[in-house]
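Below: input39.pdb (PDB, C-alpha atoms, pLDDT in the B column)
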MODEL        1
ATOM      1  CA  MET A 690     -15.458  -5.980  19.616  1.00 83.00           C
ATOM      2  CA  LEU A 691     -16.892  -2.626  20.533  1.00 89.00           C
ATOM      3  CA  ASP A 692     -20.076  -1.431  18.866  1.00 92.00           C
ATOM      4  CA  ILE A 693     -19.633   1.362  16.321  1.00 93.00           C
ATOM      5  CA  LYS A 694     -22.543   3.250  17.891  1.00 94.00           C
ATOM      6  CA  PHE A 695     -20.773   3.121  21.279  1.00 94.00           C
ATOM      7  CA  ILE A 696     -17.561   4.375  19.676  1.00 94.00           C
ATOM      8  CA  ARG A 697     -19.426   7.190  17.919  1.00 94.00           C
ATOM      9  CA  GLU A 698     -21.183   8.293  21.124  1.00 94.00           C
ATOM     10  CA  ASN A 699     -18.169   7.863  23.451  1.00 93.00           C
ATOM     11  CA  LYS A 700     -15.253   8.943  21.287  1.00 93.00           C
ATOM     12  CA  GLU A 701     -13.212  10.461  24.132  1.00 93.00           C
ATOM     13  CA  LEU A 702     -13.679   7.389  26.335  1.00 91.00           C
ATOM     14  CA  VAL A 703     -12.554   5.114  23.507  1.00 92.00           C
ATOM     15  CA  MET A 704      -9.534   7.276  22.782  1.00 92.00           C
ATOM     16  CA  ASP A 705      -8.603   7.218  26.479  1.00 91.00           C
ATOM     17  CA  GLY A 706      -8.903   3.411  26.521  1.00 90.00           C
ATOM     18  CA  LEU A 707      -6.644   3.191  23.471  1.00 91.00           C
ATOM     19  CA  ARG A 708      -4.115   5.447  25.161  1.00 90.00           C
ATOM     20  CA  LYS A 709      -4.113   3.254  28.274  1.00 87.00           C
ATOM     21  CA  LYS A 710      -3.546   0.141  26.175  1.00 87.00           C
ATOM     22  CA  LYS A 711      -0.891   1.902  24.091  1.00 86.00           C
ATOM     23  CA  CYS A 712      -2.798   1.248  20.852  1.00 89.00           C
ATOM     24  CA  LYS A 713      -2.853   3.559  17.898  1.00 93.00           C
ATOM     25  CA  VAL A 714      -6.120   3.498  15.957  1.00 93.00           C
ATOM     26  CA  ASP A 715      -7.434   6.474  13.999  1.00 94.00           C
ATOM     27  CA  ILE A 716     -10.837   6.905  15.672  1.00 95.00           C
ATOM     28  CA  GLU A 717     -11.562  10.079  13.687  1.00 95.00           C
ATOM     29  CA  LYS A 718     -11.127   8.153  10.435  1.00 96.00           C
ATOM     30  CA  LEU A 719     -13.351   5.371  11.756  1.00 96.00           C
ATOM     31  CA  ILE A 720     -16.113   7.829  12.664  1.00 96.00           C
ATOM     32  CA  ASP A 721     -15.794   9.548   9.274  1.00 96.00           C
ATOM     33  CA  LEU A 722     -16.030   6.199   7.495  1.00 97.00           C
ATOM     34  CA  ASP A 723     -19.073   5.290   9.574  1.00 96.00           C
ATOM     35  CA  GLU A 724     -20.728   8.571   8.611  1.00 97.00           C
ATOM     36  CA  LYS A 725     -19.944   7.908   4.951  1.00 97.00           C
ATOM     37  CA  ARG A 726     -21.327   4.363   5.287  1.00 97.00           C
ATOM     38  CA  ARG A 727     -24.567   5.651   6.792  1.00 96.00           C
ATOM     39  CA  GLU A 728     -24.933   8.240   4.013  1.00 96.00           C
ATOM     40  CA  LEU A 729     -24.314   5.587   1.345  1.00 95.00           C
ATOM     41  CA  ILE A 730     -26.904   3.304   2.919  1.00 96.00           C
ATOM     42  CA  GLN A 731     -29.451   6.117   3.002  1.00 96.00           C
ATOM     43  CA  LYS A 732     -28.810   7.091  -0.634  1.00 94.00           C
ATOM     44  CA  SER A 733     -28.874   3.461  -1.745  1.00 93.00           C
ATOM     45  CA  GLU A 734     -32.179   2.821   0.019  1.00 94.00           C
ATOM     46  CA  HIS A 735     -33.628   5.948  -1.577  1.00 94.00           C
ATOM     47  CA  LEU A 736     -32.530   4.803  -5.048  1.00 92.00           C
ATOM     48  CA  LYS A 737     -33.943   1.323  -4.435  1.00 92.00           C
ATOM     49  CA  ALA A 738     -37.271   2.876  -3.444  1.00 93.00           C
ATOM     50  CA  GLU A 739     -37.209   4.871  -6.693  1.00 90.00           C
ATOM     51  CA  GLN A 740     -36.477   1.655  -8.563  1.00 88.00           C
ATOM     52  CA  ASN A 741     -39.463  -0.054  -6.959  1.00 88.00           C
ATOM     53  CA  GLU A 742     -41.748   2.853  -7.846  1.00 88.00           C
ATOM     54  CA  ALA A 743     -40.487   2.848 -11.427  1.00 84.00           C
ATOM     55  CA  SER A 744     -41.062  -0.904 -11.696  1.00 83.00           C
ATOM     56  CA  LYS A 745     -44.677  -0.448 -10.687  1.00 84.00           C
ATOM     57  CA  LYS A 746     -45.013   2.441 -13.135  1.00 83.00           C
ATOM     58  CA  ILE A 747     -43.456   0.470 -16.037  1.00 81.00           C
ATOM     59  CA  SER A 748     -45.930  -2.365 -15.679  1.00 79.00           C
ATOM     60  CA  LYS A 749     -48.749   0.090 -16.448  1.00 80.00           C
ATOM     61  CA  LEU A 750     -47.029   1.723 -19.452  1.00 78.00           C
ATOM     62  CA  SER A 751     -46.735   0.594 -23.048  1.00 79.00           C
ATOM     63  CA  GLY A 752     -44.823   1.481 -26.198  1.00 78.00           C
ATOM     64  CA  ALA A 753     -42.255   4.286 -26.326  1.00 82.00           C
ATOM     65  CA  GLU A 754     -42.998   5.463 -22.782  1.00 81.00           C
ATOM     66  CA  LYS A 755     -42.219   1.986 -21.473  1.00 81.00           C
ATOM     67  CA  GLU A 756     -38.900   1.874 -23.383  1.00 82.00           C
ATOM     68  CA  GLY A 757     -37.900   5.289 -21.995  1.00 82.00           C
ATOM     69  CA  GLU A 758     -38.639   4.217 -18.432  1.00 82.00           C
ATOM     70  CA  ILE A 759     -36.727   0.958 -18.928  1.00 84.00           C
ATOM     71  CA  GLU A 760     -33.658   2.944 -20.022  1.00 85.00           C
ATOM     72  CA  LYS A 761     -33.971   5.132 -16.936  1.00 85.00           C
ATOM     73  CA  MET A 762     -34.269   1.987 -14.812  1.00 88.00           C
ATOM     74  CA  SER A 763     -31.083   0.502 -16.261  1.00 88.00           C
ATOM     75  CA  ALA A 764     -29.189   3.740 -15.472  1.00 88.00           C
ATOM     76  CA  LEU A 765     -30.643   3.687 -11.965  1.00 89.00           C
ATOM     77  CA  LYS A 766     -29.636   0.035 -11.584  1.00 91.00           C
ATOM     78  CA  GLU A 767     -26.028   0.872 -12.534  1.00 92.00           C
ATOM     79  CA  LYS A 768     -26.024   3.723 -10.021  1.00 92.00           C
ATOM     80  CA  ILE A 769     -27.258   1.386  -7.282  1.00 92.00           C
ATOM     81  CA  SER A 770     -24.651  -1.213  -8.213  1.00 93.00           C
ATOM     82  CA  ALA A 771     -21.831   1.361  -8.047  1.00 94.00           C
ATOM     83  CA  MET A 772     -23.118   2.663  -4.728  1.00 94.00           C
ATOM     84  CA  ASP A 773     -23.274  -0.863  -3.286  1.00 94.00           C
ATOM     85  CA  ALA A 774     -19.666  -1.437  -4.392  1.00 95.00           C
ATOM     86  CA  ASP A 775     -18.615   1.789  -2.632  1.00 96.00           C
ATOM     87  CA  LEU A 776     -20.553   0.708   0.441  1.00 96.00           C
ATOM     88  CA  SER A 777     -18.785  -2.648   0.466  1.00 96.00           C
ATOM     89  CA  THR A 778     -15.379  -0.951   0.253  1.00 97.00           C
ATOM     90  CA  VAL A 779     -16.200   1.446   3.087  1.00 97.00           C
ATOM     91  CA  GLN A 780     -17.546  -1.418   5.215  1.00 97.00           C
ATOM     92  CA  ASP A 781     -14.319  -3.389   4.675  1.00 97.00           C
ATOM     93  CA  GLU A 782     -12.264  -0.392   5.833  1.00 97.00           C
ATOM     94  CA  ILE A 783     -14.478   0.000   8.899  1.00 96.00           C
ATOM     95  CA  ASN A 784     -14.132  -3.690   9.747  1.00 96.00           C
ATOM     96  CA  ALA A 785     -10.340  -3.495   9.427  1.00 95.00           C
ATOM     97  CA  LEU A 786     -10.181  -0.541  11.841  1.00 95.00           C
ATOM     98  CA  MET A 787     -12.697  -2.103  14.249  1.00 95.00           C
ATOM     99  CA  ARG A 788     -10.539  -5.218  14.566  1.00 94.00           C
ATOM    100  CA  LEU A 789      -7.665  -3.061  15.818  1.00 93.00           C
ATOM    101  CA  ILE A 790      -9.629  -1.646  18.751  1.00 93.00           C
ATOM    102  CA  PRO A 791      -9.106  -3.673  21.941  1.00 91.00           C
ATOM    103  CA  ASN A 792     -11.546  -3.948  24.826  1.00 88.00           C
ATOM    104  CA  PHE A 793     -11.173  -1.349  27.550  1.00 83.00           C
ATOM    105  CA  PRO A 794      -9.014  -1.982  30.582  1.00 82.00           C
ATOM    106  CA  GLN A 795     -10.913  -1.906  33.843  1.00 84.00           C
ATOM    107  CA  ASP A 796     -10.720   1.335  35.817  1.00 81.00           C
ATOM    108  CA  ASP A 797      -8.765  -0.265  38.668  1.00 82.00           C
ATOM    109  CA  VAL A 798      -6.031  -1.603  36.385  1.00 82.00           C
ATOM    110  CA  PRO A 799      -2.854   0.428  36.932  1.00 82.00           C
ATOM    111  CA  GLU A 800      -1.202   1.971  33.898  1.00 84.00           C
ATOM    112  CA  GLY A 801       2.342   0.978  33.153  1.00 82.00           C
ATOM    113  CA  LYS A 802       5.004   1.378  30.499  1.00 82.00           C
ATOM    114  CA  ASP A 803       5.304  -2.331  29.733  1.00 81.00           C
ATOM    115  CA  GLU A 804       4.601  -5.777  31.183  1.00 81.00           C
ATOM    116  CA  LYS A 805       7.145  -5.246  33.980  1.00 84.00           C
ATOM    117  CA  ASP A 806       4.652  -2.849  35.547  1.00 84.00           C
ATOM    118  CA  ASN A 807       1.971  -5.566  35.783  1.00 84.00           C
ATOM    119  CA  VAL A 808       0.679  -6.296  39.279  1.00 85.00           C
ATOM    120  CA  VAL A 809       0.351  -9.918  40.463  1.00 86.00           C
ATOM    121  CA  LEU A 810      -3.080 -10.303  42.053  1.00 86.00           C
ATOM    122  CA  ARG A 811      -2.697 -13.880  43.259  1.00 90.00           C
ATOM    123  CA  LYS A 812      -0.718 -17.065  42.718  1.00 89.00           C
ATOM    124  CA  VAL A 813      -2.499 -20.377  42.537  1.00 92.00           C
ATOM    125  CA  GLY A 814      -0.648 -23.552  43.424  1.00 92.00           C
ATOM    126  CA  ASP A 815       2.996 -24.129  44.173  1.00 89.00           C
ATOM    127  CA  ILE A 816       5.752 -23.252  41.756  1.00 86.00           C
ATOM    128  CA  ALA A 817       7.406 -26.470  40.612  1.00 85.00           C
ATOM    129  CA  LYS A 818      11.006 -26.983  41.687  1.00 86.00           C
ATOM    130  CA  LEU A 819      12.769 -29.064  39.070  1.00 85.00           C
ATOM    131  CA  SER A 820      15.643 -31.334  40.024  1.00 89.00           C
ATOM    132  CA  PHE A 821      17.235 -30.762  36.621  1.00 87.00           C
ATOM    133  CA  ILE A 822      18.004 -27.844  34.386  1.00 88.00           C
ATOM    134  CA  HIS A 823      15.118 -27.384  31.999  1.00 87.00           C
ATOM    135  CA  LYS A 824      15.727 -26.924  28.282  1.00 90.00           C
ATOM    136  CA  ASP A 825      13.762 -24.903  25.819  1.00 92.00           C
ATOM    137  CA  TYR A 826      11.782 -26.589  23.045  1.00 93.00           C
ATOM    138  CA  LEU A 827      14.343 -25.795  20.368  1.00 94.00           C
ATOM    139  CA  THR A 828      17.188 -27.525  22.196  1.00 93.00           C
ATOM    140  CA  ILE A 829      15.039 -30.594  22.875  1.00 93.00           C
ATOM    141  CA  ALA A 830      13.943 -30.775  19.218  1.00 94.00           C
ATOM    142  CA  GLN A 831      17.537 -30.515  18.011  1.00 94.00           C
ATOM    143  CA  ASN A 832      18.685 -33.214  20.457  1.00 92.00           C
ATOM    144  CA  LEU A 833      15.909 -35.500  19.221  1.00 94.00           C
ATOM    145  CA  ASP A 834      16.895 -34.719  15.621  1.00 93.00           C
ATOM    146  CA  ILE A 835      13.352 -33.737  14.709  1.00 93.00           C
ATOM    147  CA  ILE A 836      14.273 -30.300  13.535  1.00 82.00           C
TER     148      ILE A 836
ENDMDL
END
Could you rewrite the structure in this file as structure tokens?
Amino acid sequence: MLDIKFIRENKELVMDGLRKKKCKVDIEKLIDLDEKRRELIQKSEHLKAEQNEASKKISKLSGAEKEGEIEKMSALKEKISAMDADLSTVQDEINALMRLIPNFPQDDVPEGKDEKDNVVLRKVGDIAKLSFIHKDYLTIAQNLDII
């Protein structure tokens, strides 16, 4: 799997590799989702830092002030929870798109329309010459009455 940072920095190269492999993946959407994910992480970390500061502050307070800060903390906690849920959703979408991106073909691989355009580099061993007509697996299974 390609690294999201590599995809972000080499968008044109990735799109060219997808074209060569005849794959259709929305790279723009992937990059937008990655940007959204990074923003959500930054905002979430900022809110968590606020939460930590407020926790330290609450321990030093008493009475009505403490109750007010605790209410603020619970609202902040809900905000963080909602943001983490959004982050999880965005990350799932990113993962789904990332799984669709194949590795790049090598530069010396010729482009073709389909597998008929593939080039044989070498053959290893001799091709077996059967003294009988071979049957496919379905015919054999039916003859053996196992299907």
Exercise for the section: Quote the spacing between atom CA of Gln780 of chain A and atom CA of Lys761 of chain A in Å to one decimal place. Expected result: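 Computing it gives 28.3 Å between the two atoms.
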Cut-off 12 Å: closest segment 736-831 of chain A/segment 711-725 of chain A atom pairs per residue, using all atoms listed in the file, as a Markdown table:
| residue | atom | partner | partner_atom | distance |
| --- | --- | --- | --- | --- |
| A:Met772 | CA | A:Lys725 | CA | 11.5 |
| A:Asp775 | CA | A:Lys725 | CA | 9.8 |
| A:Leu776 | CA | A:Lys725 | CA | 8.5 |
| A:Ser777 | CA | A:Lys725 | CA | 11.5 |
| A:Thr778 | CA | A:Leu722 | CA | 10.2 |
| A:Val779 | CA | A:Leu722 | CA | 6.5 |
| A:Gln780 | CA | A:Leu722 | CA | 8.1 |
| A:Asp781 | CA | A:Leu722 | CA | 10.1 |
| A:Glu782 | CA | A:Leu722 | CA | 7.8 |
| A:Ile783 | CA | A:Leu719 | CA | 6.2 |
| A:Asn784 | CA | A:Leu719 | CA | 9.3 |
| A:Ala785 | CA | A:Leu719 | CA | 9.6 |
| A:Leu786 | CA | A:Leu719 | CA | 6.7 |
| A:Met787 | CA | A:Leu719 | CA | 7.9 |
| A:Arg788 | CA | A:Val714 | CA | 9.9 |
| A:Leu789 | CA | A:Val714 | CA | 6.7 |
| A:Ile790 | CA | A:Val714 | CA | 6.8 |
| A:Pro791 | CA | A:Cys712 | CA | 8.1 |
| A:Asn792 | CA | A:Cys712 | CA | 10.9 |
| A:Phe793 | CA | A:Cys712 | CA | 11.0 |
| A:Pro794 | CA | A:Lys711 | CA | 11.1 |
| A:Glu800 | CA | A:Lys711 | CA | 9.8 |
| A:Gly801 | CA | A:Lys711 | CA | 9.7 |
| A:Lys802 | CA | A:Lys711 | CA | 8.7 |
| A:Asp803 | CA | A:Lys711 | CA | 9.4 |
| A:Glu804 | CA | A:Lys711 | CA | 11.8 |
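Nearest residue to Ser733 of chain A among A:Arg811, A:Lys755, A:Lys766, A:Arg708 is A:Lys766, counting all atoms listed in the file.
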Give me the box for segment 826-836 of chain A as AutoDock Vina command-line options, namely the centre and edge lengths in Å to one decimal of a box along x, y and z that holds every listed atom plus 4 Å on each side.
--center_x 15.2 --center_y -30.6 --center_z 18.3 --size_x 14.9 --size_y 17.7 --size_z 17.5
Completion exercise
Taken to one decimal, the atom CA of Val798 of chain A-atom CA of Val703 of chain A distance is 15.9 Å
Problem - Computed interatomic separation between atom CA of Asp815 of chain A and atom CA of Leu827 of chain A (Å) - result: 26.4 Å
Exercise for the section: Mind checking which residues fall within 12 Å of Ile759 of chain A, counting all atoms listed in the file, ignoring those fewer than 5 positions away in the same chain, and posting them as a list of chain:residue names? Expected result: A:Gln740, A:Ala743, A:Ser744, A:Lys745, A:Lys746, A:Ile747, A:Ser748, A:Leu750, A:Ser751, A:Gly752, A:Ala753, A:Glu754, A:Ala764, A:Leu765, A:Lys766
Exercise for the section: Determine the nearest neighbour of Asn741 of chain A from the options A:Lys824, A:Leu702, A:Met762, A:Asp797, counting all atoms listed in the file. Expected result: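 When distances to Asn741 of chain A are compared using all atoms listed in the file, the smallest one comes from A:Met762.
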